[in-house]
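A.B. asks: Please find one structure pasted underneath; my questions will follow.
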Amino acid sequence: MTPRTTGRALRLLSRLPVDRYVLALLGTVVLAALLPASGTAATVVEGASTGAVALLFFLYGARLSTREALDGLRHWRLHLTVLGCTFLLFPLLGLAARGLVPAVLTPQLYGGLLFLCLVPSTIQSSIAFTSIARGNVPAAICAGSFSSLAGIVLTPLLAAVLLGGSGGGPSADGILRIVLQLLVPFLAGQLLRRWVGGFLVCHKKVLGYVDRGSILLVVYTAFSQGVVAGVWHLVTPARLGLLLAVEAVLLAVMLAVTWYGAGRLGFDRADRIAIQFAGSKKSLAAGLPMASVLFGPQASLAVLPLMLFHQMQLMVCAVIAKRRARDGEPAAPEDPDAAPETRETAEPATVRDR
């Protein structure tokens, strides 16, 4: 490789959005591997993690504006399309990946991959990428909110049905924990939103740190339990490489289906952009605490595919969003005073830019 080629590769890598929070998550995984919580410390950490999950879903409920969600129902075809991609097409692809066990994926990694397919869509990154690509931002906001709200109920139910018989899926006790740790705090947040909503808005930045810190605690607890139980002996670098390849194919299929499928359904360009970014992504913030409740000691392997997929979707969607923005730029108005040969010279560039 020549120095010039190397320089180009380094510049390309520097433009890729390596999320700092993902780096913090990876650092937490390393910490859990080196200093896992055990004995009394594990009991304390697990109790704190349980409280953190309940706090997270209380805040989710308190932040969700019911009025805004109802107003967004006017664009119901777009929202149904996103929900269909998130909770129907993704799970079907996850079930199809069952044929990769055990040649490509171990049963434990497959369980994590299938759980990834059941998680709701993101909100923040879907909105950000839709905005960059000049898509329908209000639709992306509503679609992400509806997906997150539906995921509170649908993700645990789908996990109970699809993972219940795979050894490590949720049991009856797990369903009860879901109700107590996820649904009850969420409903409490909705009921108290009238009184606490203003406080949450005024302290949005501080509460963002609370959100992220809570998730880091959940990750540390899950991976500590995995290290103590010895589950990481079941994963080899080769298996991780195969998992990344499978997830790359999964993401590519969903990006293609959401873009071209939305076009076949008659959506305009702005709506197709919102559908592509909201319908092809998965929420790390929602998935991690859910996995800790659903899988218990096996949560470390369950969340690994989701963590890898999250960073992959950020990097790929950032590139696509920038490309969509360039493709959507209106052509410069033609100068009527320009010479004919100038217009002829500019025409091929205009066609090429489209």
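Within each chain, counting starts at residue 1; across the structure tokens, chains are named A, B, ... in the order shown, with ligands numbered 1 upward in that order.
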I want to know what sits within 12 Å of A:Phe309, based on only C-alpha atoms, with residues of the same chain fewer than 2 positions away left out; could you give that as a PyMOL selection string?

C.D. replies: chain A and resi 22+112-113+115-117+119+240+243-252+280-284+287+303-307+311-317

A.B. asks: For A:Thr155, find every residue with an atom within 10 Å (counting only C-alpha atoms), except residues of its own chain fewer than 3 positions away, and show them as a PDB file with all heavy atoms, in the first residue's frame.

C.D. replies:
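That gives us out.pdb:
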ATOM      1  N   PHE A  87     -40.848  -4.980  13.786  1.00  0.00           N
ATOM      2  CA  PHE A  87     -41.372  -6.076  14.600  1.00  0.00           C
ATOM      3  C   PHE A  87     -41.908  -7.250  13.786  1.00  0.00           C
ATOM      4  O   PHE A  87     -42.408  -8.217  14.374  1.00  0.00           O
ATOM      5  CB  PHE A  87     -42.475  -5.557  15.524  1.00  0.00           C
ATOM      6  CG  PHE A  87     -41.983  -4.556  16.531  1.00  0.00           C
ATOM      7  CD1 PHE A  87     -42.369  -3.229  16.456  1.00  0.00           C
ATOM      8  CD2 PHE A  87     -41.119  -4.927  17.549  1.00  0.00           C
ATOM      9  CE1 PHE A  87     -41.919  -2.296  17.377  1.00  0.00           C
ATOM     10  CE2 PHE A  87     -40.652  -4.005  18.473  1.00  0.00           C
ATOM     11  CZ  PHE A  87     -41.058  -2.690  18.388  1.00  0.00           C
ATOM     12  N   PHE A 115     -32.645 -11.785  19.531  1.00  0.00           N
ATOM     13  CA  PHE A 115     -33.103 -10.708  20.417  1.00  0.00           C
ATOM     14  C   PHE A 115     -32.876  -9.348  19.786  1.00  0.00           C
ATOM     15  O   PHE A 115     -33.727  -8.453  19.887  1.00  0.00           O
ATOM     16  CB  PHE A 115     -32.370 -10.797  21.765  1.00  0.00           C
ATOM     17  CG  PHE A 115     -32.676  -9.642  22.670  1.00  0.00           C
ATOM     18  CD1 PHE A 115     -33.912  -9.531  23.285  1.00  0.00           C
ATOM     19  CD2 PHE A 115     -31.723  -8.651  22.899  1.00  0.00           C
ATOM     20  CE1 PHE A 115     -34.198  -8.452  24.115  1.00  0.00           C
ATOM     21  CE2 PHE A 115     -32.006  -7.577  23.731  1.00  0.00           C
ATOM     22  CZ  PHE A 115     -33.249  -7.475  24.339  1.00  0.00           C
ATOM     23  N   LEU A 116     -31.736  -9.169  19.112  1.00  0.00           N
ATOM     24  CA  LEU A 116     -31.472  -7.933  18.388  1.00  0.00           C
ATOM     25  C   LEU A 116     -32.599  -7.618  17.418  1.00  0.00           C
ATOM     26  O   LEU A 116     -33.029  -6.468  17.285  1.00  0.00           O
ATOM     27  CB  LEU A 116     -30.137  -8.060  17.646  1.00  0.00           C
ATOM     28  CG  LEU A 116     -29.934  -7.301  16.331  1.00  0.00           C
ATOM     29  CD1 LEU A 116     -29.839  -5.822  16.606  1.00  0.00           C
ATOM     30  CD2 LEU A 116     -28.699  -7.788  15.609  1.00  0.00           C
ATOM     31  N   CYS A 117     -33.114  -8.627  16.748  1.00  0.00           N
ATOM     32  CA  CYS A 117     -34.176  -8.426  15.760  1.00  0.00           C
ATOM     33  C   CYS A 117     -35.518  -8.061  16.393  1.00  0.00           C
ATOM     34  O   CYS A 117     -36.436  -7.632  15.683  1.00  0.00           O
ATOM     35  CB  CYS A 117     -34.342  -9.681  14.915  1.00  0.00           C
ATOM     36  SG  CYS A 117     -32.912 -10.079  13.880  1.00  0.00           S
ATOM     37  N   LEU A 118     -35.642  -8.222  17.709  1.00  0.00           N
ATOM     38  CA  LEU A 118     -36.902  -7.939  18.388  1.00  0.00           C
ATOM     39  C   LEU A 118     -36.923  -6.569  19.065  1.00  0.00           C
ATOM     40  O   LEU A 118     -37.971  -6.124  19.532  1.00  0.00           O
ATOM     41  CB  LEU A 118     -37.169  -9.006  19.463  1.00  0.00           C
ATOM     42  CG  LEU A 118     -37.070 -10.468  19.021  1.00  0.00           C
ATOM     43  CD1 LEU A 118     -37.372 -11.394  20.192  1.00  0.00           C
ATOM     44  CD2 LEU A 118     -37.996 -10.755  17.854  1.00  0.00           C
ATOM     45  N   VAL A 119     -35.777  -5.906  19.118  1.00  0.00           N
ATOM     46  CA  VAL A 119     -35.643  -4.632  19.831  1.00  0.00           C
ATOM     47  C   VAL A 119     -36.286  -3.504  19.013  1.00  0.00           C
ATOM     48  O   VAL A 119     -36.259  -3.537  17.783  1.00  0.00           O
ATOM     49  CB  VAL A 119     -34.141  -4.353  20.081  1.00  0.00           C
ATOM     50  CG1 VAL A 119     -33.905  -2.956  20.612  1.00  0.00           C
ATOM     51  CG2 VAL A 119     -33.587  -5.393  21.055  1.00  0.00           C
ATOM     52  N   PRO A 120     -36.870  -2.501  19.662  1.00  0.00           N
ATOM     53  CA  PRO A 120     -37.464  -1.374  18.916  1.00  0.00           C
ATOM     54  C   PRO A 120     -36.422  -0.520  18.206  1.00  0.00           C
ATOM     55  O   PRO A 120     -35.223  -0.663  18.423  1.00  0.00           O
ATOM     56  CB  PRO A 120     -38.188  -0.571  20.007  1.00  0.00           C
ATOM     57  CG  PRO A 120     -37.513  -0.946  21.276  1.00  0.00           C
ATOM     58  CD  PRO A 120     -37.103  -2.378  21.111  1.00  0.00           C
ATOM     59  N   SER A 148     -40.596   2.824  19.994  1.00  0.00           N
ATOM     60  CA  SER A 148     -40.145   2.652  21.372  1.00  0.00           C
ATOM     61  C   SER A 148     -41.302   2.296  22.287  1.00  0.00           C
ATOM     62  O   SER A 148     -41.174   1.431  23.162  1.00  0.00           O
ATOM     63  CB  SER A 148     -39.457   3.933  21.865  1.00  0.00           C
ATOM     64  OG  SER A 148     -38.288   4.185  21.129  1.00  0.00           O
ATOM     65  N   ALA A 150     -44.193   0.862  21.395  1.00  0.00           N
ATOM     66  CA  ALA A 150     -44.636  -0.498  21.080  1.00  0.00           C
ATOM     67  C   ALA A 150     -43.657  -1.542  21.601  1.00  0.00           C
ATOM     68  O   ALA A 150     -44.053  -2.629  22.026  1.00  0.00           O
ATOM     69  CB  ALA A 150     -44.818  -0.649  19.566  1.00  0.00           C
ATOM     70  N   GLY A 151     -42.366  -1.194  21.588  1.00  0.00           N
ATOM     71  CA  GLY A 151     -41.355  -2.143  22.033  1.00  0.00           C
ATOM     72  C   GLY A 151     -41.444  -2.478  23.507  1.00  0.00           C
ATOM     73  O   GLY A 151     -41.020  -3.562  23.923  1.00  0.00           O
ATOM     74  N   ILE A 152     -41.998  -1.559  24.310  1.00  0.00           N
ATOM     75  CA  ILE A 152     -42.179  -1.835  25.735  1.00  0.00           C
ATOM     76  C   ILE A 152     -43.004  -3.102  25.922  1.00  0.00           C
ATOM     77  O   ILE A 152     -42.777  -3.896  26.838  1.00  0.00           O
ATOM     78  CB  ILE A 152     -42.872  -0.653  26.437  1.00  0.00           C
ATOM     79  CG1 ILE A 152     -42.039   0.622  26.304  1.00  0.00           C
ATOM     80  CG2 ILE A 152     -43.125  -0.968  27.899  1.00  0.00           C
ATOM     81  CD1 ILE A 152     -40.746   0.595  27.057  1.00  0.00           C
ATOM     82  N   LEU A 158     -42.599 -10.916  22.131  1.00  0.00           N
ATOM     83  CA  LEU A 158     -41.953 -11.659  21.058  1.00  0.00           C
ATOM     84  C   LEU A 158     -40.811 -12.516  21.603  1.00  0.00           C
ATOM     85  O   LEU A 158     -40.594 -13.651  21.152  1.00  0.00           O
ATOM     86  CB  LEU A 158     -41.420 -10.686  19.997  1.00  0.00           C
ATOM     87  CG  LEU A 158     -42.474 -10.000  19.123  1.00  0.00           C
ATOM     88  CD1 LEU A 158     -41.832  -8.917  18.265  1.00  0.00           C
ATOM     89  CD2 LEU A 158     -43.182 -11.022  18.239  1.00  0.00           C
ATOM     90  N   ALA A 159     -40.064 -11.968  22.569  1.00  0.00           N
ATOM     91  CA  ALA A 159     -38.986 -12.753  23.174  1.00  0.00           C
ATOM     92  C   ALA A 159     -39.540 -13.970  23.894  1.00  0.00           C
ATOM     93  O   ALA A 159     -38.956 -15.062  23.845  1.00  0.00           O
ATOM     94  CB  ALA A 159     -38.184 -11.880  24.130  1.00  0.00           C
ATOM     95  N   ALA A 160     -40.677 -13.808  24.570  1.00  0.00           N
ATOM     96  CA  ALA A 160     -41.284 -14.932  25.274  1.00  0.00           C
ATOM     97  C   ALA A 160     -41.708 -16.025  24.304  1.00  0.00           C
ATOM     98  O   ALA A 160     -41.559 -17.215  24.583  1.00  0.00           O
ATOM     99  CB  ALA A 160     -42.482 -14.452  26.094  1.00  0.00           C
ATOM    100  N   VAL A 161     -42.213 -15.620  23.136  1.00  0.00           N
ATOM    101  CA  VAL A 161     -42.684 -16.593  22.151  1.00  0.00           C
ATOM    102  C   VAL A 161     -41.523 -17.232  21.387  1.00  0.00           C
ATOM    103  O   VAL A 161     -41.449 -18.452  21.239  1.00  0.00           O
ATOM    104  CB  VAL A 161     -43.664 -15.924  21.175  1.00  0.00           C
ATOM    105  CG1 VAL A 161     -44.029 -16.881  20.036  1.00  0.00           C
ATOM    106  CG2 VAL A 161     -44.919 -15.470  21.905  1.00  0.00           C
ATOM    107  N   ALA A 286     -32.715   0.973  24.584  1.00  0.00           N
ATOM    108  CA  ALA A 286     -33.870   0.180  25.016  1.00  0.00           C
ATOM    109  C   ALA A 286     -33.511  -1.292  25.159  1.00  0.00           C
ATOM    110  O   ALA A 286     -34.014  -1.985  26.046  1.00  0.00           O
ATOM    111  CB  ALA A 286     -35.018   0.350  24.021  1.00  0.00           C
ATOM    112  N   GLY A 287     -32.644  -1.788  24.285  1.00  0.00           N
ATOM    113  CA  GLY A 287     -32.346  -3.213  24.272  1.00  0.00           C
ATOM    114  C   GLY A 287     -31.532  -3.698  25.456  1.00  0.00           C
ATOM    115  O   GLY A 287     -31.776  -4.785  25.986  1.00  0.00           O
ATOM    116  N   MET A 290     -33.604  -4.149  28.702  1.00  0.00           N
ATOM    117  CA  MET A 290     -34.540  -5.252  28.493  1.00  0.00           C
ATOM    118  C   MET A 290     -33.833  -6.596  28.581  1.00  0.00           C
ATOM    119  O   MET A 290     -34.337  -7.549  29.185  1.00  0.00           O
ATOM    120  CB  MET A 290     -35.215  -5.113  27.121  1.00  0.00           C
ATOM    121  CG  MET A 290     -36.279  -4.049  27.040  1.00  0.00           C
ATOM    122  SD  MET A 290     -37.078  -4.070  25.414  1.00  0.00           S
ATOM    123  CE  MET A 290     -38.245  -2.731  25.603  1.00  0.00           C
TER     124      MET A 290
END

A.B. asks: Between A:Arg193, A:Arg77, A:Arg264, A:Arg323, which is the closest to A:Leu59 once you count only C-alpha atoms?

C.D. replies: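 Residue with the minimum atom-to-atom distance to A:Leu59: A:Arg193.
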
A.B. asks: What separation in Å, quoted to one decimal, exists between atom CA of A:Leu216 and atom CA of A:Ala41?

C.D. replies: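 Value for the atom CA of A:Leu216-atom CA of A:Ala41 distance: 16.4 Å.
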
A.B. asks: Quick one: pull the distance between atom CA of A:Tyr209 and atom CA of A:Ala48, Å, one decimal.

C.D. replies: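 That distance, rounded to one decimal, is 16.2 Å.
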
A.B. asks: Measuring between only C-alpha atoms, which one of A:Ala318, A:Leu92, A:Ala222, A:Leu192 shows the shortest distance to A:Ser300?

C.D. replies: A:Ala222

A.B. asks: Would you list the contacts of A:Ile273 as a list in words, taking every protein, DNA or RNA residue within 8 Å and counting only C-alpha atoms, but skipping same-chain residues closer than 3 positions in sequence?

C.D. replies: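 Residues near the query, excluding close chain neighbours: Thr130, Ala133, Arg134, Gly135, Asn136, Trp259, Arg269, Ala270, Gln276 and Phe277 of chain A.
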
A.B. asks: Quick one: of A:Leu80, A:Leu163, A:Leu191, A:Ala24, who's nearest to A:Phe146, counting only C-alpha atoms?

C.D. replies: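 Using only C-alpha atoms, A:Phe146 sits closest to A:Leu80.
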